[in-house]
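Structure first, then comments.
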Amino acid sequence: MKKNLLWGALVIAGFPFLSSCDKDEDTPIAGISFELTEQEENESDGTTSSIHPDLTTDGGGREIEVKLVFDRATAEIVVLKYNVGGTAVQVNPSGNAVNDFSLSAGDGVSDLDDDEITIEKGVTEASIIVTLYEDYSFEYNEDAGLDETVTLELESVVSGPVKLGEQNIAYTLTIVEDDPVILLQWAVNGSTAAADVNTVDMDLFVWRDGNLVNSSQYNNADATQALPYEALFFPAGFPEDTYGLSYTYFAGASDDVDFTAVMFGTFNGTTYSYDEEDDYIAFTGTYTTANINKYDDSGIAPQVVQTMVKDGINFTQVSDIVEPSSGSRIGSPIEPFKFNYDIIKKIKVLREMKSSKDGLLR
């Protein structure tokens with residue numbers, strides 16, 4: 001009897017394929033998760049290269065690496081199903097607008113499409129590249145504020161010896177609008193009442209090398225606005241240089257126009273958020289009828305009354321407003337303008353800037 005048992009044991013030991021153990025059960029199962037669950041980035045890095053390539057030949061966007069990590073090296077090729085969501089726009093919309101971001105394969109990823117990611121064998125981490133694009137829109141939402149989001153979520157394992165972790169299977173990238181905003185408001189003869197303010201028309205201009213970068217030239221004297229103002233923005237990805245501002249007294253009869261330039265963005269190293277009430281930097285000046293100055297572009301330099309130096313997304317050396325004794329837009333004769341940037345031509349003037357900031361001078 002003992003011999004029969006021993007012989008049976010030897011037979012089983014000699015023929016391992018008779019064992020109930022499956023080969024796949026011996027393959028190490030790697031756990032996978034996102035390295036980070038959330039991240040915050042500015043829309044721009046302050047350079048022209050961060051602008052969408054559809055808007056300027058210098059543009060290309062800026063890459064944000066989103067890492068997937070494994071608790072051991074992948075034993076085989078892995079295919080995962082994933083979802084993309086959030087409030088940012090991935091697909092280039094129709095019209096003049098451009099998409100906010102795109103996705104591409106990073107290290108350790110052999111293929112990436114709309115809903116599946118293929119990860120190489122033998123890696124302990126892989127990455128998805130989110131390319132952010134600076135655009136020519138100031139994206140502000142009353143509910144979401146200055147932020148847009150990109151969300152990535154691991155849904156399931158299509159193939160390969162991996163399992164999703166119980167945590168860190170979703171990732172959120174928050175994109176913060178970083179374009180500087182300038183809001184111009186004024187009082188007439190000491191009054192901010194609409195009936196008085198509407199008797200004066202002012203305009204707002206931003207210049208670089210004598211060339212117009214952006215402007216707000218609403219006809220405030222037509223009395224259609226409850227509280228007249230001018231407002232504009234310009235992309236944080238514009239070239240680093242000195243920029244000049246003109247606060248123009250276009251029309252009116254008042255000899256006492258007190259105006260305030262309110263700025264949001266990063267100035268002199270401090271960030272002032274359009275999202276926060278009473279969080280801004282402001283500069284003031286006063287014009288008389290001697291400063292009334294209609295537009296004239298016949299080779300005459302603009303009357304710059306305030307300057308700032310762009311350094312990335314930060315504007316440094318922001319000067320006080322220098323009030324000219326006469327005029328407010330036309331300066332002195334200059335040489336023909338030397339620069340004409342294609343990115344300047346496509347800027348949209350921001351018109352929907354009222355929101356919570358309309359009452360700044362009330």
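For the structure tokens, the naming scheme is as follows: chains receive sequential letters (A, B, ...) according to their order of presentation, residues are indexed from 1 within each chain, and ligands are indexed from 1 in presentation order.
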
Point to revise | Residue contacts of segment 44-51 of chain A (12 Å, only C-alpha atoms) excluding same-chain residues fewer than 3 positions away, as an NGL selection string | key: :A and (40-41 or 54-64 or 98-101 or 131-137 or 175-180 or 234-241 or 266 or 310-315 or 341-344)

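Using only C-alpha atoms, the shortest contact distance between Ala30 of chain A and any of A:Leu80, A:Ala187, A:Leu164, A:Ala105 is found at A:Leu164.
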
Practice item. As a ChimeraX atom specification, list the residues of segment 209-305 of chain A assigned to strand (DSSP E) by DSSP on the backbone atoms of this structure. Key: /A:211-216,230-233,242-251,257-267,270-272,281-287,300-302

For the residues in the current selection, export C-alpha atoms as a compact mmCIF listing (two decimals), in the first residue's frame.
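out_11.txt was written with the following content:
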```
# COMPACT_ATOMS: atom_id res chain seq x y z
CA ASN A 211 1.85 98.89 -32.30
CA LEU A 212 -1.64 98.29 -30.99
CA VAL A 213 -1.91 95.10 -28.92
CA ASN A 214 -5.53 95.43 -27.83
CA SER A 215 -8.12 98.12 -27.30
CA SER A 216 -11.53 98.80 -25.82
CA GLU A 230 -13.77 100.04 -20.80
CA ALA A 231 -12.18 96.63 -20.29
CA LEU A 232 -9.67 94.45 -22.08
CA PHE A 233 -7.23 91.61 -21.63
CA THR A 242 7.73 96.86 -22.27
CA TYR A 243 4.03 97.57 -22.78
CA GLY A 244 2.39 100.97 -22.74
CA LEU A 245 -1.14 101.98 -21.75
CA SER A 246 -3.28 104.86 -23.00
CA TYR A 247 -6.33 106.05 -21.11
CA THR A 248 -7.89 108.32 -23.70
CA TYR A 249 -10.37 111.15 -23.09
CA PHE A 250 -12.18 110.77 -26.41
CA ALA A 251 -15.15 113.10 -26.00
CA VAL A 257 -12.62 113.58 -15.15
CA ASP A 258 -11.16 111.33 -12.46
CA PHE A 259 -10.31 107.91 -13.88
CA THR A 260 -9.18 104.66 -12.29
CA ALA A 261 -7.34 101.80 -14.00
CA VAL A 262 -8.04 98.56 -12.15
CA MET A 263 -5.78 95.59 -12.93
CA PHE A 264 -6.09 91.86 -12.35
CA GLY A 265 -3.32 89.34 -12.95
CA THR A 266 0.25 89.18 -11.67
CA PHE A 267 1.79 92.61 -11.17
CA THR A 270 1.67 89.76 -6.58
CA THR A 271 -1.28 87.95 -8.15
CA TYR A 272 -4.59 89.80 -8.06
CA ILE A 281 -4.24 96.88 -8.01
CA ALA A 282 -5.48 100.35 -9.00
CA PHE A 283 -4.00 103.55 -10.42
CA THR A 284 -5.70 106.93 -10.71
CA GLY A 285 -5.44 110.09 -12.78
CA THR A 286 -7.38 113.23 -13.70
CA TYR A 287 -8.02 114.77 -17.12
CA ILE A 300 1.97 109.76 -34.75
CA ALA A 301 3.07 107.83 -31.69
CA PRO A 302 0.48 106.96 -29.06
```

Point to revise | Residue contacts of Thr87 of chain A (9 Å, only C-alpha atoms) excluding same-chain residues fewer than 2 positions away, as a PyMOL selection string | key: chain A and resi 85+89+147-151

May I have the selected residues written with N, CA and C atoms, as a PDB file, in the first residue's frame?
```
ATOM      1  N   GLY A  85     -12.722  63.815 -19.090  1.00  0.00           N
ATOM      2  CA  GLY A  85     -13.823  64.721 -18.794  1.00  0.00           C
ATOM      3  C   GLY A  85     -13.309  66.080 -18.380  1.00  0.00           C
ATOM      4  N   VAL A  89     -11.998  72.264 -23.176  1.00  0.00           N
ATOM      5  CA  VAL A  89     -12.380  71.729 -24.483  1.00  0.00           C
ATOM      6  C   VAL A  89     -11.208  70.972 -25.100  1.00  0.00           C
ATOM      7  N   ASP A 147     -11.208  78.987 -13.434  1.00  0.00           N
ATOM      8  CA  ASP A 147     -10.635  77.652 -13.596  1.00  0.00           C
ATOM      9  C   ASP A 147     -11.386  76.810 -14.618  1.00  0.00           C
ATOM     10  N   GLU A 148     -10.621  76.049 -15.401  1.00  0.00           N
ATOM     11  CA  GLU A 148     -11.152  74.974 -16.227  1.00  0.00           C
ATOM     12  C   GLU A 148     -10.475  73.692 -15.776  1.00  0.00           C
ATOM     13  N   THR A 149     -11.071  72.559 -16.083  1.00  0.00           N
ATOM     14  CA  THR A 149     -10.508  71.299 -15.608  1.00  0.00           C
ATOM     15  C   THR A 149     -10.389  70.274 -16.727  1.00  0.00           C
ATOM     16  N   VAL A 150      -9.393  69.390 -16.556  1.00  0.00           N
ATOM     17  CA  VAL A 150      -9.254  68.182 -17.359  1.00  0.00           C
ATOM     18  C   VAL A 150      -9.243  67.019 -16.376  1.00  0.00           C
ATOM     19  N   THR A 151     -10.132  66.065 -16.551  1.00  0.00           N
ATOM     20  CA  THR A 151     -10.159  64.905 -15.658  1.00  0.00           C
ATOM     21  C   THR A 151      -9.848  63.638 -16.451  1.00  0.00           C
TER      22      THR A 151
END
```

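Ranking A:Leu183, A:Ala290, A:Met202, A:Ile77 by their shortest atom-to-atom distance to Gly160 of chain A, with only C-alpha atoms included, puts A:Ile77 first.
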
Exercise for review: Could you give me, as a list in words, the residues within 9 Å of Asn189 of chain A, counting only C-alpha atoms and dropping anything in the same chain fewer than 4 positions from it?
Suggested key: Asp196, Val197, Ser254, Asp255, Asp256, Val257 and Asp258 of chain A

Residues from last step as file, C-alpha atoms, as a PDB file, in the first residue's frame:
```pdb
ATOM      1  CA  ASP A 196     -23.006 112.137 -15.288  1.00  0.00           C
ATOM      2  CA  VAL A 197     -20.481 109.467 -16.294  1.00  0.00           C
ATOM      3  CA  SER A 254     -16.032 118.027 -18.290  1.00  0.00           C
ATOM      4  CA  ASP A 255     -12.941 119.753 -16.966  1.00  0.00           C
ATOM      5  CA  ASP A 256     -12.745 117.250 -14.098  1.00  0.00           C
ATOM      6  CA  VAL A 257     -12.615 113.585 -15.154  1.00  0.00           C
ATOM      7  CA  ASP A 258     -11.158 111.335 -12.462  1.00  0.00           C
TER       8      ASP A 258
END
```

Check your understanding: At what distance in Å, to one decimal, does atom CA of Val309 of chain A lie from atom CA of Gly327 of chain A?
Key -> 24.0 Å

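DSSP secondary structure from the backbone places Asp26, Thr48, Ser49 and Ser50 of chain A of segment 26-192 of chain A in helix (DSSP H, G or I).
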
With N, CA and C atoms retained, write the just-selected residues as a PDB file, in the first residue's frame.
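Saved result, out-v6.pdb, follows:
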```
ATOM      1  N   ASP A  26       0.512  32.394 -11.985  1.00  0.00           N
ATOM      2  CA  ASP A  26       1.882  32.645 -11.530  1.00  0.00           C
ATOM      3  C   ASP A  26       2.427  33.978 -12.039  1.00  0.00           C
ATOM      4  N   THR A  48       5.514  82.963 -25.926  1.00  0.00           N
ATOM      5  CA  THR A  48       4.728  82.770 -27.142  1.00  0.00           C
ATOM      6  C   THR A  48       4.633  81.298 -27.519  1.00  0.00           C
ATOM      7  N   SER A  49       5.582  80.482 -27.084  1.00  0.00           N
ATOM      8  CA  SER A  49       5.541  79.058 -27.419  1.00  0.00           C
ATOM      9  C   SER A  49       4.351  78.357 -26.780  1.00  0.00           C
ATOM     10  N   SER A  50       3.778  78.937 -25.738  1.00  0.00           N
ATOM     11  CA  SER A  50       2.629  78.312 -25.078  1.00  0.00           C
ATOM     12  C   SER A  50       1.314  78.606 -25.796  1.00  0.00           C
TER      13      SER A  50
END
```

Review point. Do you know which residues are at most 9 Å from Val322 of chain A counting only C-alpha atoms, after dropping those on the same chain fewer than 6 positions away, and could you put them as number ranges by chain?
Key: A: 285, 304-306

**Study point:** Exercise: Asp275 of chain A partners within 7 Å, only C-alpha atoms, chain neighbours under 2 positions left out, as a ChimeraX atom specification
**Key:** /A:145-146,273,277

May I have the selected residues written with N, CA and C atoms, as an mmCIF file, in the first residue's frame?
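Produced file out_19.cif, reproduced below:
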```
data_model
loop_
_atom_site.group_PDB
_atom_site.id
_atom_site.type_symbol
_atom_site.label_atom_id
_atom_site.label_comp_id
_atom_site.auth_asym_id
_atom_site.auth_seq_id
_atom_site.Cartn_x
_atom_site.Cartn_y
_atom_site.Cartn_z
ATOM 1 N N GLY A 145 -15.606 80.294 -12.029
ATOM 2 C CA GLY A 145 -14.564 81.298 -11.871
ATOM 3 C C GLY A 145 -13.548 81.232 -12.993
ATOM 4 N N LEU A 146 -12.270 81.352 -12.646
ATOM 5 C CA LEU A 146 -11.199 81.411 -13.632
ATOM 6 C C LEU A 146 -10.658 80.039 -14.003
ATOM 7 N N SER A 273 -6.556 88.397 -8.216
ATOM 8 C CA SER A 273 -7.487 87.507 -8.889
ATOM 9 C C SER A 273 -8.796 88.195 -9.226
ATOM 10 N N GLU A 277 -13.379 89.395 -4.813
ATOM 11 C CA GLU A 277 -13.858 90.769 -4.640
ATOM 12 C C GLU A 277 -12.783 91.600 -3.942
#
```

**Study point:** Exercise: Ile29 of chain A partners within 7 Å, only C-alpha atoms, chain neighbours under 2 positions left out, as a VMD selection string
**Key:** chain A and resid 27 31 161 to 163
